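K.L.:
So that we are looking at the same thing, I have put the structure below in structure tokens.
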Amino acid sequence: MQGLTPSEVKERLREFGENIIKISVPPVLHLVIHEGLNPFFLFQAYTVILWTLQFYWKFAVIIAVTSVISVTVSVWETRRQNRNLRDKMKSESKVRVIRNNREIELSSKELVPGDQVLFPTNGGYTVECDSVLVEGSCVVNESMLTGESIPVTKVSVPDENVKFNYDQQRQYILYQGTEVMQGKTRQGNYCKAVVIRTGFLTTKGELVRAILFPPPLDFAFYSDFLKSVRVFLCLGLIGMTYSLYMWISIGGSFRECLLNSLDIFTFVVNPMLPPALTANNAFAQKRLQKEGIYCLHTKHINLCGGIDVVAFDKTGTLTEGDLDLAGVCESKEGQFQESVSDPSTLPSDSLLVQTMASCHSLVKIEGELTGYPMDIKLFEAINWELTEQRHSGSNPDYGIPTPTLVSPPKGQKNGGNTKIGGIAPSNLEIALLKQYPFDSAVQRMTVVAKKKGAQYYSVFVKGAPEKVASFCRSETIPADFNNLLQYYTKQGFRVIGASAKSLKHGMKWSEVDELNRTQLEEGSDFLGLIIMQNLVKKETYGAIAELHAADIITLMVTGDNIQTAISVGRDCELVKPDQTIIRVEAEDSTSGQTGQQLAVTYSLPESETASIIQDTAQMQNMTSENYVFACDGKSFNLIRSKDPELFKRIVHRGKVFARMLPEQKIELIECLKGLGRQVIMCGDGCNDCGALKTAHAGISLSMAEASVAAPFTSRNVNISCVPYVIREGRATMVSAFASFKFGVAFCFTQLISVLMVFYIGTEPSDNQYLVVDIGLAAIPILLIGNTGPADVLAKRKPTRHLLSFLPMFSVVSFLFFQTIAYIFIWFYVRSQDWFVEYQFVQDLYPPNTSYEQTNIFLYACAASVIGAMIFSKGAPYRKPLYSNVIMGLWAVAASATVVFMSLYKSQDFAERLNFKIAPHFEFQIIAVIGILINFLFCFFWEVYLLDGLLFQKVLPWYKEKIRGPNLEFEHLERELSNSSVWPPLGKNNDIKVGLSGGGKYTGYSLPDVAAGINNKNQFGQQSGSHISRKDIFSKDTARNLRKRLSGTSEEASELLSEAFENPESTPVHINKAKLIEDDDKSEIIRKAIGELGSKESKMLSDPFQTAKDRRETQC
């Protein structure tokens, strides 16, 4: 039994601590002090104290109460979240452990790495640590950690002399926080596991740390905002100096000079700006919730405003999550047989059928089959039965315990040849003894089984066809394996390969159990292909079209076959019809002179040949911008490690990334971010968790608890949420800019007006401050963000940097126009016959009334209303102002209030606001007309000149013609666009030419369901509209492409054109005799392409070759 000794436990407990995720809730006083020391609240305290000394206690009380409420809410919310997280993550239970050579029961808090834990097979409990199974298997619900909504089977780690890898051997690990649903073991009632991680070191602990300490957001707005505050404070010092000088020069008291000068600082920073930005995010979050989109971190909403790349997972994201069986194609004696749409008609002793029955990790929970949906589909398609024997001990028919048995239905006609199958034999039964569950890292699943009565053990494998074929005996792989595989994958089918192997007769189970996975799989017999169909979701088409209309780049990153991914990309038009896909393949090669090199080949996938090179009568010009790359995970990894410069170019122009591992998805997102892109990752929340967290904004289409990894979670499981999230992000970003511009404009228009009246020794009264601060400033700055996003995703992205030219020029020009308006009314009122000079009296408050101060105040009020209205404009990123009902009502009421104050004559009204009203009504009318002209001019300037002319036309022209590229991806795009010889299409380009049957292939028929998909898409339209694009390219394409292929030989070019004339050149089962007849002509074409390559190789030079260890095959 063994186990850790007491001294070892004590030592490890001291080193690793208790096995508990302890989340402390900070005390109230600590949080209050922490919030109170925030620079914003310190500035608020300064404001309250200063205004109280000036007896402006009304607004000081409002600010003080608001600050106290804000701090209280923040402290309460922080404690509530910490308490909830603590209660949710706190878990402790009794566990059975082997220590000091005996079994004991203790608290899970006492577990340490190295402990041997016994898990009951009856299930229904939570795992309290990360541990590796060493005996038995468990069915586990991991939705809390991975987002995988279906139970996962964990098996015992094989006894192999291989170093254990935590990240790549997850099929053996039971994670803390997951639920064991049931277990299986050959003997006894417990599965044994060894503890490897405890507490915060576990995967659950990492998740908690990510929640408590999220990565900092690189949102330029906030850093620009802090920089602007520093600038404003410097301007405040200038204003304070001027104020001090003026009050001293007119004979003000020490108190007046000091307090009025210090008061200038309260003008330069708007105290309502931080709450306004919070309100903007709150409005956006509420709108997202109405659309079924939940946002975990509201600051990510702003980041969505600058998104220019969206990366999609395929299965479950672009396509339906469930796969349907389209058919199977058996292989016998190295030859593919006729495709069959219903595998239940195959004989029951077909090894392909037995693989479908055995190679899975299905279990029965409460009588229902549970496991991966694809495994369930395959098992149900053959109508076999599954029986579990968890506690039956050794099975006498096999001599060993058999936890799972599968068998065909007894006495049921299976179809096929009765000599082979016919009625299923009554003794046909297969015991599933050992599993290697499917893992995306190895792209396959393996099961060791034994048939009832057999003298040997069998191995069944299914997975990616290329991977399965790699360890099969070559004589069992059909010669047209690649052709048939490409035929199906090019049309969007998901293809699975199957193989089987019979181990040596007479081997004992103990000997079989000692074999490693490679020994079990090597030398298998290839059995055939299983074809699954995965239809594109109907919402995918519209969402991708909307993103493309807005010039947002879309790309696919999937673990599926590259041809399937390309086909799906074409079908949903993620790859645009006029774009050429160039496949990038890389492999290590050895050269005698230079040693190991990286050979990179650029080729046209066969599915692309028919749509690019057509009859030269109707073709469009193939410009240098209309090619994109497709790359698989192997080539992706090689190029990334061997040639970083080429890697950036592949990522920049990449459109389809297939056979990608979860960690490679993360690397792709990080590279895009490094190029200066802002990226959204949209996936189902399972294998995409890392990428969802890495991207600027991740959108999970899974409602499982692991969606905590993503800032956004959509209740609607389709990508229609992506354009809306971007529109909402843009609206929120524009609202943040509008709030900032209005806040700054309000502060400085008030500052300018106050400094002007300081010139004559007066200042606004408290009631005047209340009217403008509460009625005309606080309401609009909080409500600007309540305007929803526009219905259409605009093509041009909004400005992302607050301190860039256009936002600053907008604010400065507005202040300039308001200053002109102040100067106009100042001199106009002083030029009147009835004007009376202001008489300054020391320490008098409120001061004597003044014509100048009254009219300057009215124009300052008008400036607030004008600023709020023009800065809260709608198009093109937000809905019109009137759609924001409350803001619209305020605009009407505020405008009416300004006009009312300008025209109303009443002694009581004048005394309350400390006004000195002009005696002539004509003057008041002219003053109102001046306000109206001010509004119209500012509106025209902001909407038509700044936004319509500068932003839409002048700035793009300036960036393109004068400034040039700024970010790294812009430099890359310019370099690639200017190159007519890169990428060089490789001579290894597998261009298959249909030469027989008038361009039609002979071969076995497709299953009915597959043929139906080939003829019509899921909406009843002819699929030829997606596949055959004969009429969309022009004559120049052939010439341009030949330039890439290079060469000047007319004879060779004619041969090349002849080779590409057949648009239906889709490879399938080619009759071997016919293939031999046509071999001579094919050989001529290959030689012609090779000749062109040999000539061009002397002329071409790669403008981007920066790594000496890369060899690019050109032709």
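Residues in the structure tokens are numbered from 1 in each chain, the chains being A, B, ... in the order shown, and ligands are numbered from 1 in the order shown.
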So that I can see what lies close to Gln44 of chain A, please list as a PyMOL selection string the residues with an atom at most 8 Å from it, counting only C-alpha atoms and leaving out residues fewer than 3 positions away in the same chain.

P.N.:
chain A and resi 40-41+47-48+63-64+67+271

K.L.:
Tell me which protein, DNA and RNA residues are within 12 Å of segment 824-834 of chain A, counting only C-alpha atoms, leaving out same-chain ones fewer than 2 positions away, and put them as number ranges by chain.

P.N.:
A: 753, 756-757, 759-760, 817-822, 836-838, 850-860, 916-920, 922-924, 926-931, 934

K.L.:
So which one's closest to Ile33 of chain A, A:Gln116, A:Val75, A:Pro396, A:Gln519? Using only C-alpha atoms, please.

P.N.:
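Going through A:Gln116, A:Val75, A:Pro396, A:Gln519 one by one, the smallest distance to Ile33 of chain A is for A:Val75.
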
K.L.:
Could you check which of A:Lys192, A:Arg80, A:Lys10, A:Lys961 is closest to Val97 of chain A, using only C-alpha atoms?

P.N.:
A:Lys192

K.L.:
Select from segment 8-130 of chain A everything DSSP, run on the backbone, classes as strand (DSSP E), then give the selection as a list of chain:residue names.

P.N.:
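Result set for segment 8-130 of chain A (strand (DSSP E)): A:Lys94, A:Val95, A:Arg96, A:Val97, A:Ile98, A:Arg99, A:Arg102, A:Glu103, A:Ile104, A:Glu105, A:Leu106, A:Ser107, A:Gln116, A:Val117, A:Leu118, A:Phe119, A:Pro120, A:Tyr125, A:Thr126, A:Asp130.
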
K.L.:
Compare A:Lys434, A:Gln563, A:Gln443, A:Ile531 by their minimum atom-to-atom distance to Glu514 of chain A, counting only C-alpha atoms, and give me the closest one.

P.N.:
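Smallest separation from Glu514 of chain A among the options: A:Lys434.
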
K.L.:
Write out as a PDB file with N, CA and C atoms, in the first residue's frame the residues lying within 12 Å of Met507 of chain A, counting only C-alpha atoms and excluding same-chain residues fewer than 4 positions away.

P.N.:
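Wrote it out as out07.pdb, contents follow:
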ATOM      1  N   LYS A 450     -11.172  -6.931 -26.770  1.00  0.00           N
ATOM      2  CA  LYS A 450     -11.060  -8.371 -27.039  1.00  0.00           C
ATOM      3  C   LYS A 450     -12.423  -8.906 -27.414  1.00  0.00           C
ATOM      4  N   ALA A 454     -12.103 -15.026 -28.772  1.00  0.00           N
ATOM      5  CA  ALA A 454     -10.890 -14.839 -29.564  1.00  0.00           C
ATOM      6  C   ALA A 454      -9.659 -15.149 -28.726  1.00  0.00           C
ATOM      7  N   GLN A 455      -8.575 -15.553 -29.401  1.00  0.00           N
ATOM      8  CA  GLN A 455      -7.321 -15.875 -28.733  1.00  0.00           C
ATOM      9  C   GLN A 455      -6.319 -14.719 -28.811  1.00  0.00           C
ATOM     10  N   TYR A 456      -6.820 -13.560 -29.207  1.00  0.00           N
ATOM     11  CA  TYR A 456      -5.939 -12.404 -29.361  1.00  0.00           C
ATOM     12  C   TYR A 456      -6.703 -11.148 -28.947  1.00  0.00           C
ATOM     13  N   TYR A 457      -5.938 -10.112 -28.695  1.00  0.00           N
ATOM     14  CA  TYR A 457      -6.515  -8.805 -28.367  1.00  0.00           C
ATOM     15  C   TYR A 457      -6.498  -7.931 -29.619  1.00  0.00           C
ATOM     16  N   SER A 458      -7.454  -7.018 -29.701  1.00  0.00           N
ATOM     17  CA  SER A 458      -7.571  -6.123 -30.851  1.00  0.00           C
ATOM     18  C   SER A 458      -7.362  -4.680 -30.431  1.00  0.00           C
ATOM     19  N   SER A 502      -4.691  -6.593 -34.942  1.00  0.00           N
ATOM     20  CA  SER A 502      -4.801  -7.786 -34.097  1.00  0.00           C
ATOM     21  C   SER A 502      -3.435  -8.061 -33.490  1.00  0.00           C
ATOM     22  N   LEU A 503      -3.401  -8.098 -32.166  1.00  0.00           N
ATOM     23  CA  LEU A 503      -2.129  -8.351 -31.495  1.00  0.00           C
ATOM     24  C   LEU A 503      -1.772  -9.832 -31.591  1.00  0.00           C
ATOM     25  N   GLU A 511       0.798  -8.652 -20.469  1.00  0.00           N
ATOM     26  CA  GLU A 511       1.753  -8.268 -21.497  1.00  0.00           C
ATOM     27  C   GLU A 511       1.194  -7.133 -22.379  1.00  0.00           C
ATOM     28  N   VAL A 512      -0.097  -7.262 -22.696  1.00  0.00           N
ATOM     29  CA  VAL A 512      -0.725  -6.229 -23.518  1.00  0.00           C
ATOM     30  C   VAL A 512      -0.746  -4.900 -22.773  1.00  0.00           C
ATOM     31  N   ASP A 513      -1.033  -4.959 -21.495  1.00  0.00           N
ATOM     32  CA  ASP A 513      -1.150  -3.740 -20.692  1.00  0.00           C
ATOM     33  C   ASP A 513       0.176  -3.007 -20.577  1.00  0.00           C
ATOM     34  N   GLU A 514       1.273  -3.739 -20.738  1.00  0.00           N
ATOM     35  CA  GLU A 514       2.596  -3.107 -20.631  1.00  0.00           C
ATOM     36  C   GLU A 514       3.024  -2.426 -21.931  1.00  0.00           C
ATOM     37  N   LEU A 515       2.345  -2.711 -23.043  1.00  0.00           N
ATOM     38  CA  LEU A 515       2.702  -2.080 -24.311  1.00  0.00           C
ATOM     39  C   LEU A 515       2.321  -0.611 -24.282  1.00  0.00           C
TER      40      LEU A 515
END

K.L.:
Do you know which residues are at most 8 Å from Asn100 of chain A counting only C-alpha atoms, after dropping those on the same chain fewer than 6 positions away, and could you put them as an MDAnalysis selection string?

P.N.:
chainID A and resid 2:6

K.L.:
What's around Thr446 of chain A at 7 Å? Count only C-alpha atoms, leave out sequence neighbours fewer than 2 positions away in its own chain, and write the answer as an MDAnalysis selection string.

P.N.:
chainID A and resid 359 435:437 444 448 460:462

K.L.:
Could you check how far atom CA of Leu751 of chain A sits from atom CA of Trp51 of chain A, in Å to one decimal?

P.N.:
15.6 Å

K.L.:
Write out as a list in words which residues come within 9 Å of Thr153 of chain A when counting only C-alpha atoms, dropping same-chain ones fewer than 2 positions away.

P.N.:
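These residues fall inside the cut-off: Ser137, Cys138, Val139, Val140, Asn141, Pro151, Val155, Gln171, Tyr172, Ser361, Leu362, Val363, Gly371 and Pro437 of chain A.
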
K.L.:
Report as a PyMOL selection string all protein, DNA and RNA residues lying within 9 Å of segment 177-188 of chain A, evaluated on only C-alpha atoms, omitting residues in the same chain fewer than 4 positions from it.

P.N.:
chain A and resi 89+91+119-130+135-145+151+203-204+365+389-394+400-403

K.L.:
Could you please determine the separation between atom CA of Phe712 of chain A and atom CA of Ala697 of chain A in Å, to one decimal place?

P.N.:
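That distance, rounded to one decimal, is 7.4 Å.
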
K.L.:
Could you state the separation of atom CA of Arg653 of chain A and atom CA of Phe629 of chain A in Å, given to one decimal place?

P.N.:
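Computing it gives 5.8 Å between the two atoms.
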